[in-house]
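Asker: Data: run_0.tsv, TSV, C-alpha atoms and all ligand atoms.
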```tsv
chain	number	residue	atom	x	y	z
G	1	MET	CA	0.00	0.00	0.00
G	2	SER	CA	2.96	2.29	-0.53
G	3	ARG	CA	0.96	4.84	-2.50
G	4	ILE	CA	-1.40	5.61	0.38
G	5	ALA	CA	0.18	8.09	2.78
G	6	TYR	CA	-2.36	7.57	5.56
G	7	LEU	CA	-6.07	7.43	6.36
G	8	GLU	CA	-7.53	10.59	7.85
G	9	CYS	CA	-10.59	10.96	10.08
G	10	THR	CA	-13.06	13.47	8.63
G	11	LYS	CA	-14.13	14.44	12.16
G	12	CYS	CA	-11.02	14.72	14.35
G	13	GLY	CA	-8.27	14.63	11.71
G	14	ALA	CA	-6.54	11.60	13.32
G	15	HIS	CA	-4.18	9.68	11.05
G	16	LEU	CA	-4.42	5.89	10.77
G	17	SER	CA	-2.29	3.41	8.86
G	18	ALA	CA	-3.63	1.74	5.74
G	19	ASP	CA	-1.31	-1.24	6.28
G	20	GLN	CA	-4.14	-3.17	7.89
G	21	PRO	CA	-7.92	-3.06	7.28
G	22	GLN	CA	-9.59	-0.08	8.94
G	23	THR	CA	-13.25	0.75	9.40
G	24	ILE	CA	-14.16	4.10	11.01
G	25	CYS	CA	-12.27	6.36	13.41
G	26	PRO	CA	-11.96	4.46	16.73
G	27	LYS	CA	-12.26	7.74	18.68
G	28	ASP	CA	-15.35	9.35	17.25
G	29	GLY	CA	-16.78	7.09	14.52
G	30	GLY	CA	-15.75	9.59	11.85
G	31	ILE	CA	-15.51	8.48	8.22
G	32	LEU	CA	-11.94	7.80	7.09
G	33	TYR	CA	-10.56	9.33	3.88
G	34	VAL	CA	-7.58	7.92	2.00
G	35	ARG	CA	-4.76	10.45	1.61
G	36	TYR	CA	-1.94	10.28	-0.92
G	37	ASP	CA	1.30	12.22	-1.27
G	38	LEU	CA	-0.16	14.48	-3.96
G	39	GLU	CA	2.68	16.99	-3.68
G	40	ASN	CA	5.07	14.30	-4.84
G	41	LEU	CA	2.66	12.74	-7.34
G	42	LYS	CA	2.20	16.12	-8.97
G	43	GLN	CA	5.70	15.88	-10.47
G	44	THR	CA	4.87	12.81	-12.54
G	45	PHE	CA	1.09	12.33	-12.67
G	46	LYS	CA	-0.23	14.75	-15.30
G	47	ARG	CA	-3.46	15.13	-17.23
G	48	THR	CA	-1.53	14.05	-20.32
G	49	SER	CA	-0.51	10.82	-18.52
G	50	LEU	CA	-4.08	9.59	-19.08
G	51	ALA	CA	-4.01	9.57	-22.89
G	52	SER	CA	-3.13	5.92	-23.41
G	53	ARG	CA	-4.76	4.50	-20.30
G	54	PRO	CA	-7.56	1.88	-20.26
G	55	SER	CA	-11.14	3.12	-20.38
G	56	THR	CA	-11.92	2.09	-16.82
G	57	MET	CA	-11.74	3.91	-13.49
G	58	TRP	CA	-8.30	2.36	-12.99
G	59	ARG	CA	-6.90	4.86	-15.51
G	60	TYR	CA	-6.50	7.08	-12.40
G	61	ALA	CA	-4.30	4.43	-10.78
G	62	GLU	CA	-1.96	6.88	-9.02
G	63	VAL	CA	-4.82	8.18	-6.88
G	64	LEU	CA	-6.23	4.73	-6.16
G	65	PRO	CA	-4.85	2.04	-3.85
G	66	ASP	CA	-1.69	0.36	-5.06
G	67	ALA	CA	-3.00	-3.20	-5.35
G	68	GLN	CA	-3.86	-5.58	-8.19
G	69	PRO	CA	-7.34	-4.35	-9.22
G	70	VAL	CA	-10.31	-6.68	-9.04
G	71	SER	CA	-11.86	-5.21	-12.16
G	72	LEU	CA	-14.84	-6.03	-14.37
G	73	GLY	CA	-14.33	-2.98	-16.59
G	74	GLU	CA	-16.01	-0.40	-14.33
G	75	GLY	CA	-15.98	3.33	-14.97
G	76	PHE	CA	-15.25	5.70	-17.81
G	77	THR	CA	-18.95	5.65	-18.62
G	78	PRO	CA	-20.41	7.85	-21.37
G	79	MET	CA	-20.95	11.58	-20.83
G	80	LEU	CA	-23.93	12.03	-23.12
G	81	PRO	CA	-24.81	15.53	-24.35
G	82	SER	CA	-28.55	15.96	-23.78
G	83	ARG	CA	-30.64	16.10	-26.92
G	84	GLU	CA	-33.11	18.37	-25.16
G	85	PHE	CA	-30.97	20.85	-23.23
G	86	PRO	CA	-27.83	22.16	-25.02
G	87	ASN	CA	-25.72	22.56	-21.88
G	88	VAL	CA	-26.83	19.48	-20.02
G	89	TYR	CA	-24.91	16.20	-19.93
G	90	ILE	CA	-26.12	12.81	-18.76
G	91	LYS	CA	-23.40	10.79	-17.09
G	92	ASP	CA	-24.70	7.31	-17.78
G	93	GLU	CA	-23.61	5.05	-14.96
G	94	GLY	CA	-26.11	2.40	-16.06
G	95	LEU	CA	-23.40	1.04	-18.34
G	96	ASN	CA	-21.23	-0.14	-15.48
G	97	PRO	CA	-20.82	-3.84	-14.63
G	98	THR	CA	-23.91	-4.92	-12.63
G	99	GLY	CA	-25.77	-1.94	-14.13
G	100	SER	CA	-24.98	0.76	-11.60
G	101	PHE	CA	-22.28	3.07	-10.28
G	102	LYS	CA	-21.99	0.84	-7.21
G	103	ALA	CA	-19.52	-1.17	-9.30
G	104	ARG	CA	-16.90	1.55	-8.82
G	105	GLY	CA	-17.01	1.51	-5.04
G	106	MET	CA	-17.11	-2.25	-4.80
G	107	SER	CA	-14.27	-2.70	-7.28
G	108	ALA	CA	-12.07	-0.57	-5.01
G	109	ALA	CA	-13.31	-2.09	-1.73
G	110	VAL	CA	-12.96	-5.70	-2.92
G	111	THR	CA	-9.55	-4.93	-4.44
G	112	MET	CA	-8.36	-3.84	-1.01
G	113	ALA	CA	-10.11	-6.68	0.79
G	114	LYS	CA	-8.22	-9.08	-1.42
G	115	ALA	CA	-4.95	-7.25	-0.88
G	116	TYR	CA	-5.49	-7.46	2.89
G	117	GLY	CA	-6.23	-11.18	2.60
G	118	LEU	CA	-9.81	-10.87	3.87
G	119	LYS	CA	-11.96	-13.90	3.13
G	120	LYS	CA	-15.50	-12.88	4.11
G	121	LEU	CA	-17.19	-9.57	3.35
G	122	ALA	CA	-20.59	-8.42	4.56
G	123	ALA	CA	-22.86	-5.51	3.66
G	124	PRO	CA	-26.39	-4.27	4.06
G	125	SER	CA	-27.74	-2.89	0.80
G	126	ALA	CA	-30.72	-1.18	-0.77
G	127	GLY	CA	-30.08	-3.42	-3.77
G	128	ASN	CA	-27.45	-2.30	-6.25
G	129	ALA	CA	-24.54	-2.32	-3.81
G	130	ALA	CA	-25.45	-5.94	-3.08
G	131	SER	CA	-25.28	-6.89	-6.76
G	132	ALA	CA	-21.94	-5.14	-7.13
G	133	LEU	CA	-20.47	-6.69	-3.97
G	134	ALA	CA	-21.67	-10.13	-5.03
G	135	ALA	CA	-20.10	-9.79	-8.48
G	136	TYR	CA	-16.73	-8.43	-7.33
G	137	ALA	CA	-16.52	-10.92	-4.47
G	138	ALA	CA	-17.16	-13.72	-6.99
G	139	ALA	CA	-14.42	-12.34	-9.23
G	140	ALA	CA	-12.04	-12.17	-6.27
G	141	GLY	CA	-12.91	-15.59	-4.84
G	142	ILE	CA	-14.13	-14.02	-1.58
G	143	GLU	CA	-17.37	-14.79	0.28
G	144	ALA	CA	-20.11	-12.13	0.21
G	145	HIS	CA	-22.71	-12.00	2.99
G	146	ILE	CA	-25.53	-9.69	2.02
G	147	PHE	CA	-28.55	-8.33	3.90
G	148	MET	CA	-31.24	-6.65	1.79
G	149	PRO	CA	-34.82	-5.51	2.35
G	150	ARG	CA	-37.22	-8.23	1.20
G	151	ASP	CA	-38.79	-5.90	-1.39
G	152	VAL	CA	-35.61	-4.99	-3.30
G	153	PRO	CA	-36.00	-5.07	-7.09
G	154	LEU	CA	-36.09	-8.64	-8.40
G	155	ALA	CA	-32.92	-8.16	-10.45
G	156	ASN	CA	-30.82	-7.50	-7.35
G	157	ARG	CA	-31.98	-10.69	-5.69
G	158	VAL	CA	-31.55	-12.85	-8.78
G	159	GLU	CA	-28.10	-11.38	-9.46
G	160	CYS	CA	-26.87	-12.03	-5.94
G	161	GLU	CA	-28.15	-15.60	-6.05
G	162	SER	CA	-26.42	-16.15	-9.39
G	163	TYR	CA	-23.11	-14.75	-8.15
G	164	GLY	CA	-23.28	-17.20	-5.28
G	165	ALA	CA	-23.58	-14.67	-2.47
G	166	HIS	CA	-24.95	-15.66	0.94
G	167	MET	CA	-28.13	-13.68	1.13
G	168	THR	CA	-30.58	-12.72	3.86
G	169	LEU	CA	-33.81	-10.94	2.94
G	170	VAL	CA	-35.00	-8.73	5.76
G	171	ASP	CA	-38.46	-7.43	6.66
G	172	GLY	CA	-37.24	-3.88	7.09
G	173	LEU	CA	-35.08	-1.17	5.56
G	174	ILE	CA	-31.35	-0.77	5.03
G	175	GLY	CA	-30.86	0.38	8.64
G	176	ASP	CA	-32.34	-2.88	9.92
G	177	CYS	CA	-30.02	-4.78	7.57
G	178	ALA	CA	-27.04	-2.77	8.84
G	179	ARG	CA	-27.91	-3.66	12.43
G	180	MET	CA	-27.91	-7.35	11.55
G	181	VAL	CA	-24.48	-7.09	9.94
G	182	ALA	CA	-23.14	-5.17	12.95
G	183	GLU	CA	-24.53	-7.73	15.42
G	184	ARG	CA	-23.11	-10.77	13.65
G	185	LYS	CA	-19.89	-9.63	11.99
G	186	ASP	CA	-17.46	-10.32	14.85
G	187	LYS	CA	-18.80	-13.77	15.56
G	188	GLU	CA	-18.87	-14.71	11.87
G	189	GLY	CA	-15.49	-13.16	10.98
G	190	TRP	CA	-17.00	-10.83	8.38
G	191	PHE	CA	-15.38	-7.58	7.31
G	192	ASP	CA	-18.09	-4.93	7.03
G	193	VAL	CA	-18.07	-3.03	3.73
G	194	SER	CA	-21.18	-0.97	4.59
G	195	THR	CA	-21.48	2.45	3.01
G	196	LEU	CA	-18.79	4.74	4.51
G	197	LYS	CA	-17.80	2.20	7.19
G	198	GLU	CA	-14.60	1.42	5.29
G	199	PRO	CA	-12.47	3.92	3.33
G	200	PHE	CA	-12.31	2.45	-0.18
G	201	ARG	CA	-15.82	2.63	-1.64
G	202	VAL	CA	-15.42	6.42	-1.64
G	203	GLU	CA	-12.15	5.97	-3.52
G	204	GLY	CA	-13.89	4.03	-6.26
G	205	LYS	CA	-16.77	6.45	-6.51
G	206	LYS	CA	-14.53	9.51	-6.54
G	207	THR	CA	-13.41	8.49	-10.03
G	208	MET	CA	-16.75	9.93	-11.23
G	209	GLY	CA	-15.34	13.35	-10.33
G	210	TYR	CA	-12.15	12.71	-12.29
G	211	GLU	CA	-14.23	11.59	-15.26
G	212	VAL	CA	-16.53	14.63	-15.13
G	213	ALA	CA	-13.43	16.86	-15.39
G	214	GLU	CA	-11.63	14.79	-18.01
G	215	GLN	CA	-14.69	14.20	-20.22
G	216	LEU	CA	-15.61	17.90	-20.14
G	217	ASN	CA	-12.07	18.75	-21.20
G	218	TRP	CA	-11.08	19.95	-17.71
G	219	LYS	CA	-13.76	22.65	-17.68
G	220	ILE	CA	-15.67	22.23	-14.44
G	221	PRO	CA	-19.47	22.41	-14.92
G	222	GLN	CA	-21.69	24.86	-13.04
G	223	GLY	CA	-23.65	22.07	-11.44
G	224	ILE	CA	-23.76	18.35	-10.71
G	225	ILE	CA	-27.06	16.71	-9.77
G	226	TYR	CA	-26.61	13.53	-7.75
G	227	PRO	CA	-29.34	11.18	-6.49
G	228	THR	CA	-28.42	10.90	-2.84
G	229	GLY	CA	-28.96	7.91	-0.61
G	230	GLY	CA	-25.80	7.40	1.43
G	231	GLY	CA	-24.12	10.17	-0.58
G	232	VAL	CA	-20.91	8.26	-1.32
G	233	GLY	CA	-20.55	9.60	-4.87
G	234	LEU	CA	-21.13	13.17	-3.76
G	235	LEU	CA	-18.41	12.87	-1.13
G	236	GLY	CA	-16.14	11.09	-3.57
G	237	MET	CA	-16.51	13.66	-6.33
G	238	TRP	CA	-15.85	16.53	-3.95
G	239	LYS	CA	-12.71	14.74	-2.76
G	240	ALA	CA	-11.68	14.23	-6.39
G	241	PHE	CA	-12.00	17.94	-7.14
G	242	ASP	CA	-9.75	18.78	-4.18
G	243	GLU	CA	-7.21	16.18	-5.28
G	244	MET	CA	-7.23	17.43	-8.86
G	245	GLU	CA	-6.64	20.97	-7.65
G	246	GLU	CA	-3.66	19.78	-5.59
G	247	LEU	CA	-2.35	17.93	-8.63
G	248	GLY	CA	-2.61	21.19	-10.61
G	249	TRP	CA	-5.17	19.68	-12.99
G	250	ILE	CA	-8.01	22.13	-12.25
G	251	GLY	CA	-8.38	25.48	-10.49
G	252	SER	CA	-10.39	26.41	-7.42
G	253	LYS	CA	-13.75	26.56	-9.22
G	254	ARG	CA	-16.25	23.96	-8.06
G	255	PRO	CA	-19.64	22.85	-9.37
G	256	LYS	CA	-22.72	23.54	-7.30
G	257	MET	CA	-23.41	20.11	-5.83
G	258	ILE	CA	-27.09	19.21	-5.82
G	259	ALA	CA	-28.40	16.33	-3.70
G	260	VAL	CA	-31.74	15.06	-4.99
G	261	GLN	CA	-33.88	12.78	-2.85
G	262	SER	CA	-37.38	11.35	-3.10
G	263	THR	CA	-39.93	13.17	-0.93
G	264	GLY	CA	-40.71	9.68	0.42
G	265	CYS	CA	-37.29	9.64	2.10
G	266	ALA	CA	-35.63	13.03	2.26
G	267	PRO	CA	-33.56	13.36	5.46
G	268	ILE	CA	-30.90	15.48	3.74
G	269	VAL	CA	-33.46	17.83	2.18
G	270	LYS	CA	-35.12	18.29	5.58
G	271	ALA	CA	-31.81	18.99	7.35
G	272	TRP	CA	-30.77	21.37	4.56
G	273	ASP	CA	-34.05	23.28	4.70
G	274	GLU	CA	-33.73	23.56	8.48
G	275	GLY	CA	-30.07	24.67	8.26
G	276	LYS	CA	-28.89	21.74	10.39
G	277	PRO	CA	-25.39	20.21	10.15
G	278	SER	CA	-26.68	16.61	10.36
G	279	SER	CA	-29.88	14.74	9.54
G	280	GLU	CA	-32.56	13.04	11.62
G	281	PHE	CA	-33.90	9.54	11.04
G	282	TRP	CA	-36.68	9.64	8.41
G	283	PRO	CA	-39.56	7.48	9.62
G	284	ASN	CA	-41.58	5.22	7.25
G	285	ALA	CA	-39.25	5.76	4.30
G	286	SER	CA	-40.95	4.81	1.08
G	287	THR	CA	-40.05	5.43	-2.58
G	288	LEU	CA	-39.83	3.45	-5.76
G	289	ALA	CA	-36.25	4.72	-6.07
G	290	ALA	CA	-34.96	1.92	-3.82
G	291	GLY	CA	-31.40	3.30	-3.65
G	292	LEU	CA	-32.67	6.54	-2.11
G	293	ARG	CA	-34.36	4.75	0.80
G	294	VAL	CA	-31.66	5.63	3.30
G	295	PRO	CA	-33.43	7.13	6.34
G	296	LYS	CA	-30.25	8.30	8.14
G	297	PRO	CA	-27.14	8.58	5.96
G	298	TYR	CA	-23.96	7.94	7.98
G	299	GLY	CA	-22.12	10.67	6.04
G	300	ASP	CA	-24.85	13.29	6.47
G	301	TYR	CA	-22.45	15.80	8.10
G	302	LEU	CA	-20.15	15.63	5.09
G	303	ILE	CA	-22.96	15.79	2.51
G	304	LEU	CA	-24.48	18.88	4.12
G	305	ASP	CA	-21.08	20.55	4.42
G	306	ILE	CA	-20.38	19.99	0.70
G	307	LEU	CA	-23.78	21.37	-0.31
G	308	LYS	CA	-22.99	24.49	1.70
G	309	LYS	CA	-19.41	24.93	0.50
G	310	SER	CA	-20.39	24.44	-3.13
G	311	ARG	CA	-23.38	26.81	-2.85
G	312	GLY	CA	-25.54	23.90	-3.92
G	313	VAL	CA	-28.85	22.73	-2.58
G	314	ALA	CA	-30.80	19.64	-1.49
G	315	ILE	CA	-34.05	19.13	-3.32
G	316	GLY	CA	-36.93	16.68	-3.00
G	317	VAL	CA	-38.90	15.23	-5.92
G	318	THR	CA	-42.01	13.03	-5.76
G	319	ASP	CA	-42.20	9.51	-7.14
G	320	ASP	CA	-44.67	10.81	-9.77
G	321	GLU	CA	-42.10	13.41	-10.87
G	322	ILE	CA	-39.48	10.66	-10.97
G	323	MET	CA	-41.65	8.46	-13.19
G	324	ASP	CA	-42.47	11.39	-15.46
G	325	ALA	CA	-38.76	12.15	-15.83
G	326	PHE	CA	-38.03	8.45	-16.37
G	327	ARG	CA	-40.48	8.28	-19.32
G	328	HIS	CA	-39.19	11.54	-20.73
G	329	TRP	CA	-35.55	10.43	-20.72
G	330	ALA	CA	-36.50	7.16	-22.38
G	331	GLU	CA	-38.58	8.88	-25.08
G	332	VAL	CA	-36.46	11.96	-25.72
G	333	GLU	CA	-32.90	10.85	-24.95
G	334	GLY	CA	-33.07	7.10	-25.49
G	335	VAL	CA	-31.84	6.62	-21.93
G	336	PHE	CA	-33.58	3.91	-19.90
G	337	ALA	CA	-32.70	5.18	-16.46
G	338	ALA	CA	-32.94	3.82	-12.96
G	339	PRO	CA	-35.64	5.71	-11.02
G	340	GLU	CA	-32.85	7.18	-8.85
G	341	GLY	CA	-31.18	8.53	-11.99
G	342	ALA	CA	-34.43	9.91	-13.38
G	343	ALA	CA	-34.70	11.92	-10.13
G	344	SER	CA	-31.78	13.98	-11.46
G	345	LEU	CA	-33.85	15.17	-14.41
G	346	ALA	CA	-36.83	15.87	-12.14
G	347	ALA	CA	-34.53	18.00	-9.96
G	348	TYR	CA	-33.02	19.79	-12.96
G	349	ARG	CA	-36.48	20.72	-14.22
G	350	LYS	CA	-37.36	22.19	-10.82
G	351	LEU	CA	-34.09	24.06	-10.49
G	352	ARG	CA	-34.49	25.56	-13.98
G	353	GLY	CA	-38.06	26.51	-13.07
G	354	ARG	CA	-36.81	28.30	-9.97
G	355	GLY	CA	-34.05	30.06	-11.89
G	356	PHE	CA	-31.37	28.30	-9.81
G	357	PHE	CA	-29.77	27.18	-13.10
G	358	SER	CA	-30.07	29.08	-16.37
G	359	ALA	CA	-30.11	27.59	-19.87
G	360	ASP	CA	-26.44	28.65	-20.19
G	361	ASP	CA	-25.25	26.72	-17.14
G	362	LYS	CA	-23.42	23.51	-17.87
G	363	VAL	CA	-24.97	20.86	-15.63
G	364	VAL	CA	-24.18	17.15	-15.32
G	365	LEU	CA	-27.10	14.89	-14.39
G	366	PHE	CA	-26.10	11.54	-12.94
G	367	ASN	CA	-28.05	8.56	-14.12
G	368	THR	CA	-26.71	6.26	-11.43
G	369	GLY	CA	-28.07	3.00	-12.79
G	370	SER	CA	-29.88	1.17	-15.55
G	371	GLY	CA	-33.66	0.91	-15.67
G	372	LEU	CA	-33.15	-2.71	-16.64
G	373	LYS	CA	-32.56	-3.41	-12.94
G	374	TYR	CA	-36.10	-2.18	-12.16
G	375	LEU	CA	-38.33	-3.83	-14.75
G	376	ASP	CA	-40.69	-5.19	-12.09
G	377	ALA	CA	-41.06	-1.84	-10.28
G	378	ILE	CA	-41.41	0.16	-13.50
G	379	GLU	CA	-43.97	-2.21	-14.97
G	380	ALA	CA	-46.03	-2.12	-11.76
G	381	GLN	CA	-45.95	1.71	-11.72
G	382	GLU	CA	-46.96	1.99	-15.35
G	383	ARG	CA	-49.82	-0.47	-15.05
G	384	GLN	CA	-51.06	1.34	-11.95
G	385	ALA	CA	-50.97	4.61	-13.89
G	386	GLY	CA	-52.93	2.97	-16.72
G	387	ARG	CA	-50.04	3.49	-19.14
G	388	ARG	CA	-49.67	-0.09	-20.22
G	389	PRO	CA	-52.40	-1.25	-22.63
G	390	ALA	CA	-53.69	-4.73	-21.83
G	391	THR	CA	-51.91	-7.21	-24.06
G	392	ARG	CA	-54.20	-8.98	-26.53
G	393	GLN	CA	-53.37	-12.08	-28.45
G	394	ILE	CA	-54.54	-12.29	-32.05
G	395	GLY	CA	-53.74	-15.39	-34.04
G	396	GLY	CA	-50.45	-16.00	-32.31
G	397	ILE	CA	-49.37	-12.34	-32.46
G	398	ILE	CA	-49.19	-10.78	-29.03
G	399	GLY	CA	-49.64	-7.02	-28.92
G	400	PRO	CA	-51.83	-4.14	-27.93
G	401	TYR	CA	-53.14	-3.57	-31.48
G	501	LIG	C1	-29.19	3.49	-8.70
G	501	LIG	C2	-28.78	4.15	-7.42
G	501	LIG	N1	-28.69	5.49	-7.40
G	501	LIG	C3	-28.32	6.15	-6.27
G	501	LIG	C4	-28.06	5.49	-5.09
G	501	LIG	C5	-27.60	6.26	-3.89
G	501	LIG	O1	-26.22	6.18	-3.82
G	501	LIG	P1	-25.35	6.82	-2.66
G	501	LIG	O2	-25.45	5.88	-1.52
G	501	LIG	O3	-23.99	6.95	-3.19
G	501	LIG	O4	-25.97	8.14	-2.35
G	501	LIG	C6	-28.15	4.09	-5.06
G	501	LIG	C7	-27.87	3.34	-3.82
G	501	LIG	O5	-28.26	2.22	-3.64
G	501	LIG	C8	-28.50	3.40	-6.25
G	501	LIG	O6	-28.59	2.07	-6.29
G	502	ZN	ZN	-11.88	10.81	14.48
```
Go ahead and render the structure in this file as structure tokens.
Ligand SMILES: Cc1ncc(COP(=O)(O)O)c(C=O)c1O
Ligand SMILES: [Zn+2]

Answerer:
Amino acid sequence: MSRIAYLECTKCGAHLSADQPQTICPKDGGILYVRYDLENLKQTFKRTSLASRPSTMWRYAEVLPDAQPVSLGEGFTPMLPSREFPNVYIKDEGLNPTGSFKARGMSAAVTMAKAYGLKKLAAPSAGNAASALAAYAAAAGIEAHIFMPRDVPLANRVECESYGAHMTLVDGLIGDCARMVAERKDKEGWFDVSTLKEPFRVEGKKTMGYEVAEQLNWKIPQGIIYPTGGGVGLLGMWKAFDEMEELGWIGSKRPKMIAVQSTGCAPIVKAWDEGKPSSEFWPNASTLAAGLRVPKPYGDYLILDILKKSRGVAIGVTDDEIMDAFRHWAEVEGVFAAPEGAASLAAYRKLRGRGFFSADDKVVLFNTGSGLKYLDAIEAQERQAGRRPATRQIGGIIGPY
């Protein structure tokens, strides 16, 4: 792990060694960030160094852990110019292995787990993190122990089963799953790769920030809209911008960071509106955007700080607005988004309506996953809304006509 200088607590600033697996700060439970010797790296690691690198997140190897990557080709996803809004880009994370941006975080976390010689990993998940952990653990020959709410999208469950993960379906939400992992991990010898409870998922997800800069030719956009559950990508991208500034790749300009949540589970929006530095548990969380059902994000203090520093905002959108945006992206852009991703368009529409962004502002909307992971949920929504004609069968031809 020579490339990592140390791990730093985001609360008390304590330094910890990365030579053995670490979780959170033992003093105050603060989230640990990986720090590199950027001053030194700056001499050799240049923007031009990237030219001949592979089209995966591991092209940024110098600012990732120095271990043999467990890779399935994650990252360097398309930055699609919107066909509807001239200055809007859709960062399509649905093209990652396992169909979501969770691949990035799990590629990094499992890479390090393997390097540390860990044999059993465990995580609670709203769905897509489970699929990604199961896939990368399979690729690494490591056991995955996964706890998911019983009503996760079908794809997540079927994927995990296929990858050979040990799965427990829980009558509850991600917090209940997390409790089960916490209660059993010591006895079972599991290493917990829960969101923000180990330092490397952020490292994987931060590569989205590097890609935003590189794919926009090092011109930082005015805004980034990010569907926020645990907020790992938001934290990661902000960290990436700071690192790139230290490397001399970009200046001090930052995008306004926008956290979008469903109004069915919006603890960050509530805390933001109330001017609080951390969130409160959101009771009875419910939204079709399963990845946004995180009633109390562990990194809330960091998310809210970034929104403030970037002069961004937290914004809530309803499930109806999400579905409307989902259909619109499919019909107008040819993008079949995850409901979480479609929330980005719903938020952009609202922010344009309010004048927060103008037509001239360059804004990146994150589609964090593929709609193909949600066929059951989408179909149920559309039927309920009367948008799916009953299928008729005429002489062997099945169709609505
Ligand atoms: C498709 C999708 N989008 C967004 C999120 C939220 O991600 P984060 O925890 O990084 O905020 C999730 C989490 O499960 C997800 O699966
Ligand atoms: Zn600390």

Asker: Which residues are near stretch 61-69 of chain G? Cut-off 6 Å, all atoms listed in the file, ignore same chain within fewer than 2 positions. Put them as number ranges by chain.

Answerer: G: 1, 3, 58-59, 71, 111

Asker: Restricting the output to C-alpha atoms, write the selected residues as a PDB file, keeping the file's coordinate frame.

Answerer:
```
ATOM      1  CA  MET G   1       0.000   0.000   0.000  1.00  0.00           C
ATOM      2  CA  ARG G   3       0.960   4.840  -2.500  1.00  0.00           C
ATOM      3  CA  TRP G  58      -8.300   2.360 -12.990  1.00  0.00           C
ATOM      4  CA  ARG G  59      -6.900   4.860 -15.510  1.00  0.00           C
ATOM      5  CA  SER G  71     -11.860  -5.210 -12.160  1.00  0.00           C
ATOM      6  CA  THR G 111      -9.550  -4.930  -4.440  1.00  0.00           C
TER       7      THR G 111
END
```

Asker: Using only C-alpha atoms and all ligand atoms, which residue out of G:Ser194, G:Ser125, G:Ser107, G:Asn217 lies closest to ligand LIG 501 (chain G)?

Answerer: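 Answer, going by the shortest atom-to-atom distance: G:Ser125.
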
Asker: Choose the residue, out of G:Ser162, G:Asn156, G:Ser278, G:Asn87, that has the smallest atom-to-atom separation from G:Ala138; count all atoms listed in the file.

Answerer: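 Nearest candidate to G:Ala138 out of G:Ser162, G:Asn156, G:Ser278, G:Asn87: G:Ser162.
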
Asker: Under the rule of at most 7 Å, produce a per-residue listing of chain G near ligand LIG 501 (chain G): chain, number, name, the closest pair of atoms, and the distance in Å, as a tab-separated table, using all atoms listed in the file.

Answerer:
```
residue	atom	partner	partner_atom	distance
G:Ser100	CA	G:LIG501	C1	5.8
G:Lys102	CA	G:LIG501	O6	6.8
G:Ser125	CA	G:LIG501	O5	6.8
G:Ala126	CA	G:LIG501	O5	5.1
G:Gly127	CA	G:LIG501	O5	5.9
G:Asn128	CA	G:LIG501	O6	4.5
G:Ala129	CA	G:LIG501	O5	5.9
G:Thr195	CA	G:LIG501	O2	6.9
G:Pro227	CA	G:LIG501	C3	5.1
G:Thr228	CA	G:LIG501	O4	3.7
G:Gly229	CA	G:LIG501	O4	3.5
G:Gly230	CA	G:LIG501	O2	3.3
G:Gly231	CA	G:LIG501	O4	3.3
G:Val232	CA	G:LIG501	O3	3.8
G:Gly233	CA	G:LIG501	O3	4.7
G:Leu234	CA	G:LIG501	O3	6.9
G:Ala290	CA	G:LIG501	O5	6.7
G:Gly291	CA	G:LIG501	O5	3.3
G:Leu292	CA	G:LIG501	C5	5.4
G:Ala338	CA	G:LIG501	C1	5.7
G:Glu340	CA	G:LIG501	N1	4.7
G:Gly341	CA	G:LIG501	N1	6.0
G:Thr368	CA	G:LIG501	N1	4.6
G:Gly369	CA	G:LIG501	C1	4.3
```

Asker: Store the residues picked out above in a file with C-alpha atoms, as a short mmCIF file (atom, residue, chain, number, x, y, z; two decimals), in the frame of the given file.

Answerer:
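result.cif, freshly written:
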```cif
data_model
loop_
_atom_site.label_atom_id
_atom_site.label_comp_id
_atom_site.auth_asym_id
_atom_site.auth_seq_id
_atom_site.Cartn_x
_atom_site.Cartn_y
_atom_site.Cartn_z
CA SER G 100 -24.98 0.76 -11.60
CA LYS G 102 -21.99 0.84 -7.21
CA SER G 125 -27.74 -2.89 0.80
CA ALA G 126 -30.72 -1.18 -0.77
CA GLY G 127 -30.08 -3.42 -3.77
CA ASN G 128 -27.45 -2.30 -6.25
CA ALA G 129 -24.54 -2.32 -3.81
CA THR G 195 -21.48 2.45 3.01
CA PRO G 227 -29.34 11.18 -6.49
CA THR G 228 -28.42 10.90 -2.84
CA GLY G 229 -28.96 7.91 -0.61
CA GLY G 230 -25.80 7.40 1.43
CA GLY G 231 -24.12 10.17 -0.58
CA VAL G 232 -20.91 8.26 -1.32
CA GLY G 233 -20.55 9.60 -4.87
CA LEU G 234 -21.13 13.17 -3.76
CA ALA G 290 -34.96 1.92 -3.82
CA GLY G 291 -31.40 3.30 -3.65
CA LEU G 292 -32.67 6.54 -2.11
CA ALA G 338 -32.94 3.82 -12.96
CA GLU G 340 -32.85 7.18 -8.85
CA GLY G 341 -31.18 8.53 -11.99
CA THR G 368 -26.71 6.26 -11.43
CA GLY G 369 -28.07 3.00 -12.79
#
```

Asker: Is it possible to get the residues within 6 Å of (-31.2, 19.2, -18.4) (coordinates as in the file, counting all atoms listed in the file) written as a compact mmCIF listing (two decimals) with C-alpha atoms, in the frame of the given file?

Answerer:
```
# COMPACT_ATOMS: atom_id res chain seq x y z
CA PHE G 85 -30.97 20.85 -23.23
CA VAL G 88 -26.83 19.48 -20.02
CA TYR G 348 -33.02 19.79 -12.96
```

Asker: At a cut-off of 12 Å and counting all atoms listed in the file, what residues surround ligand ZN 502 (chain G)? Please answer as a list in words.

Answerer: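 Taking all atoms listed in the file into account, the residues around ligand ZN 502 (chain G) at most 12 Å away are Leu7, Glu8, Cys9, Thr10, Lys11, Cys12, Gly13, Ala14, His15, Leu16, Thr23, Ile24, Cys25, Pro26, Lys27, Asp28, Gly29, Gly30, Ile31, Leu32 and Tyr33 of chain G.
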